[in-house]
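Here the structure is laid out as C-alpha coordinates; the discussion comes afterwards.
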Number of protein chains: 2
Amino acid sequence: MTIMVQVKDEGAIMNRLPETPKTPGLYLEDISVGDRFSGGALAVTPDTIKAFAREFDPQPFHIDEVAAKYTFFRGLAASGWHTAAMTMRLLAEFGPKVAGGLIGGSCEVAWPQPTRPGDVLHVECEILSVTPSRSKPERGTVLMRSETKNQQGEVLQVLTAKLVVPRRK
Amino acid sequence: MTIMVQVKDEGAIMNRLPETPKTPGLYLEDISVGDRFSGGALAVTPDTIKAFAREFDPQPFHIDEVAAKYTFFRGLAASGWHTAAMTMRLLAEFGPKVAGGLIGGSCEVAWPQPTRPGDVLHVECEILSVTPSRSKPERGTVLMRSETKNQQGEVLQVLTAKLVVPRRK
(Lines give C-alpha, C1' and ligand atoms only; values in the text may rest on other atoms or scores of the structure.)
Protein backbone atom coordinates (compact mmCIF):
# COMPACT_ATOMS: atom_id res chain seq x y z
CA MET A 1 0.00 0.00 0.00
CA THR A 2 1.29 3.43 -0.93
CA ILE A 3 0.13 6.59 0.76
CA MET A 4 0.42 9.68 -1.37
CA VAL A 5 1.06 12.85 0.57
CA GLN A 6 0.84 16.19 -1.09
CA VAL A 7 3.63 18.54 -0.12
CA LYS A 8 2.70 22.15 -0.66
CA ASP A 9 6.05 23.71 0.02
CA GLU A 10 8.75 21.19 -0.77
CA GLY A 11 11.45 23.83 -0.39
CA ALA A 12 10.48 24.46 3.21
CA ILE A 13 10.83 20.78 4.06
CA MET A 14 14.16 20.52 2.24
CA ASN A 15 15.45 23.46 4.24
CA ARG A 16 14.69 21.61 7.46
CA LEU A 17 16.38 18.40 6.40
CA PRO A 18 19.90 17.89 7.69
CA GLU A 19 22.54 18.52 5.06
CA THR A 20 23.46 15.23 3.46
CA PRO A 21 26.47 15.78 1.21
CA LYS A 22 27.26 12.83 -1.03
CA THR A 23 30.66 12.28 0.52
CA PRO A 24 31.61 12.47 4.19
CA GLY A 25 34.45 14.70 5.26
CA LEU A 26 35.32 18.39 5.40
CA TYR A 27 33.84 20.87 2.92
CA LEU A 28 35.08 24.37 2.23
CA GLU A 29 32.62 25.75 4.80
CA ASP A 30 34.14 23.52 7.49
CA ILE A 31 37.72 24.79 7.08
CA SER A 32 39.02 28.04 8.60
CA VAL A 33 42.21 30.05 8.41
CA GLY A 34 44.46 29.01 11.30
CA ASP A 35 43.12 25.45 11.54
CA ARG A 36 45.97 23.11 12.41
CA PHE A 37 46.59 19.43 11.81
CA SER A 38 49.60 17.36 12.84
CA GLY A 39 50.86 13.86 13.47
CA GLY A 40 52.97 10.98 12.30
CA ALA A 41 56.07 8.98 13.15
CA LEU A 42 57.42 7.71 9.85
CA ALA A 43 60.86 6.14 10.19
CA VAL A 44 63.43 6.67 7.45
CA THR A 45 66.05 3.97 6.91
CA PRO A 46 68.97 3.52 4.52
CA ASP A 47 66.95 0.82 2.76
CA THR A 48 63.85 2.98 2.21
CA ILE A 49 66.03 5.87 0.99
CA LYS A 50 67.87 3.63 -1.48
CA ALA A 51 64.76 1.76 -2.67
CA PHE A 52 62.97 4.99 -3.59
CA ALA A 53 66.09 6.44 -5.19
CA ARG A 54 66.87 3.38 -7.29
CA GLU A 55 63.45 3.76 -8.88
CA PHE A 56 63.11 7.53 -9.13
CA ASP A 57 66.35 9.41 -8.33
CA PRO A 58 69.36 7.14 -8.82
CA GLN A 59 72.12 9.58 -7.90
CA PRO A 60 75.13 8.52 -5.77
CA PHE A 61 74.14 10.56 -2.69
CA HIS A 62 70.78 8.74 -2.57
CA ILE A 63 71.86 5.15 -3.25
CA ASP A 64 75.39 4.59 -1.93
CA GLU A 65 76.60 5.49 1.58
CA VAL A 66 80.29 5.51 0.61
CA ALA A 67 79.97 7.50 -2.61
CA ALA A 68 77.61 9.89 -0.79
CA LYS A 69 80.44 10.98 1.55
CA TYR A 70 82.20 12.70 -1.33
CA THR A 71 79.17 14.68 -2.52
CA PHE A 72 77.36 17.91 -1.62
CA PHE A 73 75.39 15.99 1.03
CA ARG A 74 78.47 14.39 2.69
CA GLY A 75 76.51 11.25 3.46
CA LEU A 76 73.41 9.33 2.42
CA ALA A 77 70.38 11.62 2.03
CA ALA A 78 66.83 10.95 0.85
CA SER A 79 65.71 12.33 -2.48
CA GLY A 80 63.66 15.47 -1.94
CA TRP A 81 60.89 13.72 -3.87
CA HIS A 82 61.05 10.88 -1.36
CA THR A 83 60.59 13.39 1.47
CA ALA A 84 57.68 14.86 -0.49
CA ALA A 85 56.12 11.43 -1.02
CA MET A 86 56.52 10.49 2.67
CA THR A 87 54.95 13.84 3.57
CA MET A 88 51.96 12.98 1.37
CA ARG A 89 51.63 9.71 3.26
CA LEU A 90 51.54 11.64 6.53
CA LEU A 91 49.09 14.23 5.16
CA ALA A 92 46.72 11.50 3.94
CA GLU A 93 46.60 10.16 7.50
CA PHE A 94 46.99 13.24 9.68
CA GLY A 95 46.01 16.16 7.44
CA PRO A 96 42.47 17.53 7.03
CA LYS A 97 39.93 14.87 5.99
CA VAL A 98 38.66 16.77 2.97
CA ALA A 99 35.47 15.40 1.40
CA GLY A 100 36.44 13.70 -1.82
CA GLY A 101 40.12 13.48 -0.83
CA LEU A 102 43.25 15.55 -0.50
CA ILE A 103 43.82 16.91 -4.00
CA GLY A 104 46.47 19.50 -4.82
CA GLY A 105 46.55 21.46 -8.05
CA SER A 106 49.89 23.14 -7.44
CA CYS A 107 52.41 23.78 -4.69
CA GLU A 108 55.71 25.21 -3.60
CA VAL A 109 58.26 22.96 -1.94
CA ALA A 110 61.52 23.78 -0.18
CA TRP A 111 63.99 21.40 1.41
CA PRO A 112 65.95 23.40 4.01
CA GLN A 113 68.00 20.33 4.91
CA PRO A 114 68.13 16.73 3.73
CA THR A 115 66.24 13.83 5.24
CA ARG A 116 68.73 11.33 6.70
CA PRO A 117 68.67 7.67 7.74
CA GLY A 118 67.36 7.52 11.31
CA ASP A 119 65.02 10.47 10.92
CA VAL A 120 61.45 9.93 12.11
CA LEU A 121 59.08 12.25 10.28
CA HIS A 122 55.92 14.03 11.32
CA VAL A 123 53.91 16.84 9.73
CA GLU A 124 52.55 20.07 11.14
CA CYS A 125 50.01 21.85 8.93
CA GLU A 126 48.23 25.18 9.07
CA ILE A 127 45.46 26.56 6.87
CA LEU A 128 46.59 29.89 5.37
CA SER A 129 43.56 30.82 3.27
CA VAL A 130 40.12 29.57 2.21
CA THR A 131 38.81 30.95 -1.09
CA PRO A 132 35.58 30.03 -2.90
CA SER A 133 36.08 29.70 -6.66
CA ARG A 134 34.62 32.56 -8.72
CA SER A 135 33.94 30.43 -11.78
CA LYS A 136 33.08 27.08 -10.14
CA PRO A 137 30.42 27.47 -7.42
CA GLU A 138 30.80 23.84 -6.32
CA ARG A 139 34.35 24.23 -5.08
CA GLY A 140 37.11 26.44 -3.71
CA THR A 141 40.79 26.58 -2.91
CA VAL A 142 42.47 26.04 0.44
CA LEU A 143 46.08 27.10 0.85
CA MET A 144 47.81 24.84 3.37
CA ARG A 145 51.35 25.08 4.69
CA SER A 146 52.91 21.84 5.90
CA GLU A 147 56.23 21.48 7.66
CA THR A 148 57.82 18.06 7.67
CA LYS A 149 60.06 17.70 10.72
CA ASN A 150 62.27 15.01 12.20
CA GLN A 151 62.34 13.87 15.83
CA GLN A 152 64.67 16.77 16.72
CA GLY A 153 62.16 19.27 15.36
CA GLU A 154 64.42 20.14 12.41
CA VAL A 155 62.42 21.28 9.39
CA LEU A 156 63.22 19.03 6.42
CA GLN A 157 60.53 20.26 4.03
CA VAL A 158 58.14 23.17 3.76
CA LEU A 159 55.22 22.56 1.43
CA THR A 160 52.62 25.18 0.55
CA ALA A 161 49.86 23.49 -1.43
CA LYS A 162 46.71 24.73 -3.12
CA LEU A 163 44.04 22.16 -2.35
CA VAL A 164 40.87 21.72 -4.37
CA VAL A 165 38.01 21.50 -1.83
CA PRO A 166 34.29 20.98 -2.58
CA ARG A 167 31.57 23.26 -1.22
CA ARG A 168 28.47 21.92 0.49
CA LYS A 169 26.01 23.95 -1.55
CA MET B 1 116.62 10.84 -8.99
CA THR B 2 114.57 14.01 -8.55
CA ILE B 3 115.09 17.09 -10.65
CA MET B 4 114.06 20.30 -8.96
CA VAL B 5 112.83 22.98 -11.29
CA GLN B 6 112.29 26.49 -10.09
CA VAL B 7 109.10 28.03 -11.42
CA LYS B 8 109.25 31.82 -11.40
CA ASP B 9 105.63 32.47 -12.35
CA GLU B 10 103.53 29.55 -11.20
CA GLY B 11 100.31 31.45 -11.95
CA ALA B 12 101.21 31.72 -15.61
CA ILE B 13 101.71 27.98 -15.86
CA MET B 14 98.48 27.29 -14.01
CA ASN B 15 96.63 29.51 -16.40
CA ARG B 16 97.83 27.44 -19.33
CA LEU B 17 96.85 24.13 -17.75
CA PRO B 18 93.53 22.71 -18.81
CA GLU B 19 90.86 23.15 -16.19
CA THR B 20 90.59 19.98 -14.17
CA PRO B 21 87.56 20.21 -11.90
CA LYS B 22 87.31 17.42 -9.35
CA THR B 23 84.05 16.12 -10.75
CA PRO B 24 83.09 15.74 -14.40
CA GLY B 25 79.92 17.38 -15.66
CA LEU B 26 78.47 20.82 -16.16
CA TYR B 27 79.51 23.76 -13.97
CA LEU B 28 77.69 27.06 -13.61
CA GLU B 29 79.91 28.55 -16.33
CA ASP B 30 78.79 25.83 -18.76
CA ILE B 31 75.07 26.53 -18.46
CA SER B 32 73.27 29.35 -20.31
CA VAL B 33 69.80 30.82 -20.29
CA GLY B 34 67.77 29.15 -23.03
CA ASP B 35 69.67 25.84 -22.93
CA ARG B 36 67.25 23.00 -23.52
CA PHE B 37 67.23 19.34 -22.55
CA SER B 38 64.62 16.72 -23.32
CA GLY B 39 63.96 13.01 -23.59
CA GLY B 40 62.33 9.98 -22.10
CA ALA B 41 59.61 7.40 -22.70
CA LEU B 42 58.45 6.27 -19.28
CA ALA B 43 55.31 4.12 -19.43
CA VAL B 44 52.67 4.51 -16.73
CA THR B 45 50.52 1.50 -15.90
CA PRO B 46 47.69 0.83 -13.44
CA ASP B 47 50.12 -1.30 -11.44
CA THR B 48 52.83 1.37 -11.13
CA ILE B 49 50.18 3.97 -10.20
CA LYS B 50 48.71 1.74 -7.52
CA ALA B 51 52.07 0.53 -6.15
CA PHE B 52 53.29 4.09 -5.60
CA ALA B 53 49.97 5.18 -4.11
CA ARG B 54 49.68 2.25 -1.72
CA GLU B 55 53.00 3.34 -0.20
CA PHE B 56 52.69 7.13 -0.34
CA ASP B 57 49.21 8.36 -1.30
CA PRO B 58 46.60 5.69 -0.55
CA GLN B 59 43.48 7.55 -1.70
CA PRO B 60 40.72 5.79 -3.68
CA PHE B 61 41.39 7.63 -6.97
CA HIS B 62 45.01 6.39 -6.92
CA ILE B 63 44.50 2.75 -5.86
CA ASP B 64 41.13 1.49 -7.10
CA GLU B 65 39.80 1.81 -10.68
CA VAL B 66 36.16 1.32 -9.68
CA ALA B 67 36.12 3.66 -6.69
CA ALA B 68 38.08 6.21 -8.76
CA LYS B 69 35.15 6.58 -11.19
CA TYR B 70 33.08 8.27 -8.51
CA THR B 71 35.74 10.83 -7.54
CA PHE B 72 37.01 14.21 -8.77
CA PHE B 73 39.30 12.37 -11.22
CA ARG B 74 36.53 10.14 -12.69
CA GLY B 75 38.99 7.30 -13.14
CA LEU B 76 42.35 6.02 -11.94
CA ALA B 77 44.97 8.80 -11.80
CA ALA B 78 48.56 8.83 -10.59
CA SER B 79 49.41 10.73 -7.42
CA GLY B 80 50.93 14.09 -8.30
CA TRP B 81 53.94 13.02 -6.24
CA HIS B 82 54.26 9.95 -8.43
CA THR B 83 54.33 12.19 -11.50
CA ALA B 84 56.95 14.31 -9.74
CA ALA B 85 59.04 11.26 -8.87
CA MET B 86 58.83 9.91 -12.43
CA THR B 87 59.84 13.34 -13.69
CA MET B 88 62.90 13.22 -11.44
CA ARG B 89 63.78 9.87 -12.97
CA LEU B 90 63.58 11.44 -16.44
CA LEU B 91 65.56 14.52 -15.36
CA ALA B 92 68.33 12.36 -13.89
CA GLU B 93 68.70 10.70 -17.29
CA PHE B 94 67.82 13.42 -19.78
CA GLY B 95 68.30 16.68 -17.86
CA PRO B 96 71.56 18.66 -17.62
CA LYS B 97 74.48 16.57 -16.34
CA VAL B 98 75.41 18.94 -13.55
CA ALA B 99 78.78 18.28 -11.87
CA GLY B 100 78.06 16.77 -8.49
CA GLY B 101 74.48 15.87 -9.42
CA LEU B 102 71.07 17.35 -9.93
CA ILE B 103 70.26 18.96 -6.58
CA GLY B 104 67.22 21.15 -6.02
CA GLY B 105 66.77 23.40 -3.00
CA SER B 106 63.22 24.43 -3.76
CA CYS B 107 60.64 24.36 -6.53
CA GLU B 108 57.17 25.12 -7.72
CA VAL B 109 55.03 22.32 -9.12
CA ALA B 110 51.69 22.41 -10.93
CA TRP B 111 49.66 19.51 -12.24
CA PRO B 112 47.41 20.87 -15.02
CA GLN B 113 45.91 17.44 -15.59
CA PRO B 114 46.36 14.01 -14.03
CA THR B 115 48.71 11.31 -15.26
CA ARG B 116 46.69 8.31 -16.42
CA PRO B 117 47.35 4.62 -17.08
CA GLY B 118 48.69 4.31 -20.63
CA ASP B 119 50.51 7.63 -20.56
CA VAL B 120 54.14 7.56 -21.72
CA LEU B 121 56.08 10.41 -20.17
CA HIS B 122 58.91 12.58 -21.40
CA VAL B 123 60.43 15.82 -20.14
CA GLU B 124 61.24 19.07 -21.89
CA CYS B 125 63.45 21.46 -19.90
CA GLU B 126 64.66 25.00 -20.40
CA ILE B 127 67.14 27.04 -18.37
CA LEU B 128 65.47 30.27 -17.21
CA SER B 129 68.30 31.90 -15.24
CA VAL B 130 71.88 31.34 -14.09
CA THR B 131 72.91 33.25 -10.95
CA PRO B 132 76.23 33.06 -9.08
CA SER B 133 75.77 33.06 -5.30
CA ARG B 134 76.71 36.31 -3.56
CA SER B 135 77.71 34.64 -0.32
CA LYS B 136 79.12 31.32 -1.59
CA PRO B 137 81.70 31.85 -4.36
CA GLU B 138 81.94 28.13 -5.08
CA ARG B 139 78.37 27.78 -6.33
CA GLY B 140 75.32 29.37 -7.90
CA THR B 141 71.67 28.84 -8.68
CA VAL B 142 70.13 27.67 -11.94
CA LEU B 143 66.39 28.09 -12.44
CA MET B 144 65.08 25.31 -14.69
CA ARG B 145 61.55 24.85 -16.00
CA SER B 146 60.55 21.29 -16.84
CA GLU B 147 57.37 20.22 -18.54
CA THR B 148 56.34 16.59 -18.19
CA LYS B 149 54.24 15.57 -21.17
CA ASN B 150 52.50 12.43 -22.33
CA GLN B 151 52.65 10.90 -25.82
CA GLN B 152 49.89 13.29 -26.99
CA GLY B 153 51.94 16.27 -25.91
CA GLU B 154 49.54 17.07 -23.05
CA VAL B 155 51.30 18.82 -20.17
CA LEU B 156 50.84 16.79 -16.99
CA GLN B 157 53.28 18.68 -14.76
CA VAL B 158 55.16 21.95 -14.82
CA LEU B 159 58.13 22.08 -12.46
CA THR B 160 60.26 25.16 -11.89
CA ALA B 161 63.24 24.16 -9.77
CA LYS B 162 66.13 26.07 -8.23
CA LEU B 163 69.18 23.91 -8.76
CA VAL B 164 72.38 24.21 -6.72
CA VAL B 165 75.25 24.19 -9.25
CA PRO B 166 78.99 24.37 -8.50
CA ARG B 167 81.31 26.91 -10.09
CA ARG B 168 84.60 25.93 -11.68
CA LYS B 169 86.66 28.53 -9.91
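Please note that chains go A, B, ... in the order of the C-alpha coordinates, that every chain numbers its residues from 1, and that ligands are numbered from 1 in the order shown.
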When you look at Gly95 (chain B) with a cut-off of 9 Å (counting only C-alpha atoms), what residues show up, excluding the ones that are within fewer than 4 positions of it in the same chain? I need them as a PDB file with all heavy atoms, in the first residue's frame.
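out_14.pdb written:
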ATOM      1  N   ARG B  36      68.380  23.923 -23.601  1.00  0.00           N
ATOM      2  CA  ARG B  36      67.254  22.995 -23.522  1.00  0.00           C
ATOM      3  C   ARG B  36      67.738  21.554 -23.426  1.00  0.00           C
ATOM      4  O   ARG B  36      68.778  21.205 -23.989  1.00  0.00           O
ATOM      5  CB  ARG B  36      66.367  23.138 -24.776  1.00  0.00           C
ATOM      6  CG  ARG B  36      65.571  24.430 -24.794  1.00  0.00           C
ATOM      7  CD  ARG B  36      64.900  24.646 -26.143  1.00  0.00           C
ATOM      8  NE  ARG B  36      64.253  25.933 -26.198  1.00  0.00           N
ATOM      9  CZ  ARG B  36      63.002  26.170 -25.799  1.00  0.00           C
ATOM     10  NH1 ARG B  36      62.274  25.179 -25.311  1.00  0.00           N
ATOM     11  NH2 ARG B  36      62.484  27.372 -25.884  1.00  0.00           N
ATOM     12  N   PHE B  37      66.949  20.763 -22.732  1.00  0.00           N
ATOM     13  CA  PHE B  37      67.233  19.345 -22.551  1.00  0.00           C
ATOM     14  C   PHE B  37      65.901  18.615 -22.635  1.00  0.00           C
ATOM     15  O   PHE B  37      64.900  19.111 -22.124  1.00  0.00           O
ATOM     16  CB  PHE B  37      67.855  19.090 -21.172  1.00  0.00           C
ATOM     17  CG  PHE B  37      69.066  19.936 -20.890  1.00  0.00           C
ATOM     18  CD1 PHE B  37      68.925  21.218 -20.366  1.00  0.00           C
ATOM     19  CD2 PHE B  37      70.342  19.465 -21.165  1.00  0.00           C
ATOM     20  CE1 PHE B  37      70.039  22.011 -20.115  1.00  0.00           C
ATOM     21  CE2 PHE B  37      71.453  20.248 -20.920  1.00  0.00           C
ATOM     22  CZ  PHE B  37      71.303  21.523 -20.396  1.00  0.00           C
ATOM     23  N   SER B  38      65.885  17.455 -23.273  1.00  0.00           N
ATOM     24  CA  SER B  38      64.620  16.718 -23.319  1.00  0.00           C
ATOM     25  C   SER B  38      64.868  15.249 -23.585  1.00  0.00           C
ATOM     26  O   SER B  38      65.950  14.849 -24.025  1.00  0.00           O
ATOM     27  CB  SER B  38      63.703  17.299 -24.401  1.00  0.00           C
ATOM     28  OG  SER B  38      64.280  17.119 -25.670  1.00  0.00           O
ATOM     29  N   GLY B  39      63.849  14.440 -23.312  1.00  0.00           N
ATOM     30  CA  GLY B  39      63.956  13.013 -23.587  1.00  0.00           C
ATOM     31  C   GLY B  39      63.051  12.191 -22.696  1.00  0.00           C
ATOM     32  O   GLY B  39      62.370  12.729 -21.817  1.00  0.00           O
ATOM     33  N   LEU B  90      63.285  10.976 -15.069  1.00  0.00           N
ATOM     34  CA  LEU B  90      63.579  11.438 -16.439  1.00  0.00           C
ATOM     35  C   LEU B  90      64.649  12.536 -16.415  1.00  0.00           C
ATOM     36  O   LEU B  90      65.538  12.565 -17.271  1.00  0.00           O
ATOM     37  CB  LEU B  90      62.297  11.943 -17.100  1.00  0.00           C
ATOM     38  CG  LEU B  90      61.233  10.873 -17.366  1.00  0.00           C
ATOM     39  CD1 LEU B  90      59.919  11.522 -17.790  1.00  0.00           C
ATOM     40  CD2 LEU B  90      61.714   9.895 -18.444  1.00  0.00           C
ATOM     41  N   LEU B  91      64.570  13.429 -15.433  1.00  0.00           N
ATOM     42  CA  LEU B  91      65.562  14.518 -15.356  1.00  0.00           C
ATOM     43  C   LEU B  91      66.955  13.966 -15.067  1.00  0.00           C
ATOM     44  O   LEU B  91      67.950  14.468 -15.597  1.00  0.00           O
ATOM     45  CB  LEU B  91      65.165  15.523 -14.267  1.00  0.00           C
ATOM     46  CG  LEU B  91      63.919  16.357 -14.568  1.00  0.00           C
ATOM     47  CD1 LEU B  91      63.558  17.210 -13.350  1.00  0.00           C
ATOM     48  CD2 LEU B  91      64.147  17.246 -15.792  1.00  0.00           C
ATOM     49  N   LEU B 102      72.223  16.470  -9.757  1.00  0.00           N
ATOM     50  CA  LEU B 102      71.065  17.355  -9.929  1.00  0.00           C
ATOM     51  C   LEU B 102      70.426  17.539  -8.556  1.00  0.00           C
ATOM     52  O   LEU B 102      69.748  16.649  -8.043  1.00  0.00           O
ATOM     53  CB  LEU B 102      70.092  16.692 -10.915  1.00  0.00           C
ATOM     54  CG  LEU B 102      69.242  17.569 -11.826  1.00  0.00           C
ATOM     55  CD1 LEU B 102      70.088  18.586 -12.584  1.00  0.00           C
ATOM     56  CD2 LEU B 102      68.478  16.698 -12.808  1.00  0.00           C
ATOM     57  N   VAL B 123      60.226  14.477 -20.691  1.00  0.00           N
ATOM     58  CA  VAL B 123      60.428  15.822 -20.138  1.00  0.00           C
ATOM     59  C   VAL B 123      61.030  16.744 -21.191  1.00  0.00           C
ATOM     60  O   VAL B 123      61.787  16.306 -22.065  1.00  0.00           O
ATOM     61  CB  VAL B 123      61.364  15.836 -18.897  1.00  0.00           C
ATOM     62  CG1 VAL B 123      60.655  15.292 -17.676  1.00  0.00           C
ATOM     63  CG2 VAL B 123      62.667  15.129 -19.175  1.00  0.00           C
ATOM     64  N   GLU B 124      60.652  18.014 -21.072  1.00  0.00           N
ATOM     65  CA  GLU B 124      61.243  19.072 -21.891  1.00  0.00           C
ATOM     66  C   GLU B 124      61.635  20.192 -20.931  1.00  0.00           C
ATOM     67  O   GLU B 124      60.773  20.758 -20.254  1.00  0.00           O
ATOM     68  CB  GLU B 124      60.224  19.583 -22.920  1.00  0.00           C
ATOM     69  CG  GLU B 124      59.770  18.499 -23.883  1.00  0.00           C
ATOM     70  CD  GLU B 124      58.715  18.993 -24.875  1.00  0.00           C
ATOM     71  OE1 GLU B 124      58.456  20.214 -24.927  1.00  0.00           O
ATOM     72  OE2 GLU B 124      58.155  18.145 -25.596  1.00  0.00           O
ATOM     73  N   CYS B 125      62.929  20.499 -20.883  1.00  0.00           N
ATOM     74  CA  CYS B 125      63.446  21.456 -19.902  1.00  0.00           C
ATOM     75  C   CYS B 125      64.055  22.661 -20.602  1.00  0.00           C
ATOM     76  O   CYS B 125      64.603  22.547 -21.700  1.00  0.00           O
ATOM     77  CB  CYS B 125      64.555  20.842 -19.055  1.00  0.00           C
ATOM     78  SG  CYS B 125      64.158  19.228 -18.391  1.00  0.00           S
TER      79      CYS B 125
END
Neighbours of chain A in chain B at 8 Å, counting only C-alpha atoms, as a list in words: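 Contact residues on the first chain: Glu55, Phe56, Asp57, Pro58, Gln59, Thr71, Phe72, Gly80, Trp81, His82, Ala84, Ala85, Met86, Met88, Arg89, Ala92, Gly100, Gly101, Gly104, Gly105, Ser106, Cys107, Glu108, Val109, Ala110, Trp111 and Pro112 of chain B.
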Computed interatomic separation between CA of Gly75 (chain A) and CA of Ser146 (chain B) (Å):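 CA of Gly75 (chain A) sits 27.7 Å away from CA of Ser146 (chain B).
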DSSP alpha helix (DSSP H) residues within chain A, as an NGL selection string: :A and (10-16 or 46-56 or 60-63 or 65-68 or 80-94)
DSSP strand (DSSP E or B) selection over chain B, as a ChimeraX atom specification: /B:26,36-43,98,104-110,120-132,139-149,155-166
Who sits within 12 Å of Thr131 (chain A), only C-alpha atoms, same chain under 4 positions skipped, as an NGL selection string: :A and (27-29 or 31-33 or 127 or 135-144 or 162-167)
A:Ala77, A:His62, A:Ala68, A:Asp35 ranked by distance to Arg116 (chain A), top pick (using only C-alpha atoms): A:Ala77
Among the residues B:Leu76, B:Leu26, B:Val66, B:Ala99, the one that comes closest to Ile49 (chain B) [using only C-alpha atoms]: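 The closest residue to Ile49 (chain B) is B:Leu76.
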One-decimal distance in Å that lies between CA of Asp119 (chain A) and CA of Asn150 (chain A):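 CA of Asn150 (chain A) sits 5.5 Å away from CA of Asp119 (chain A).
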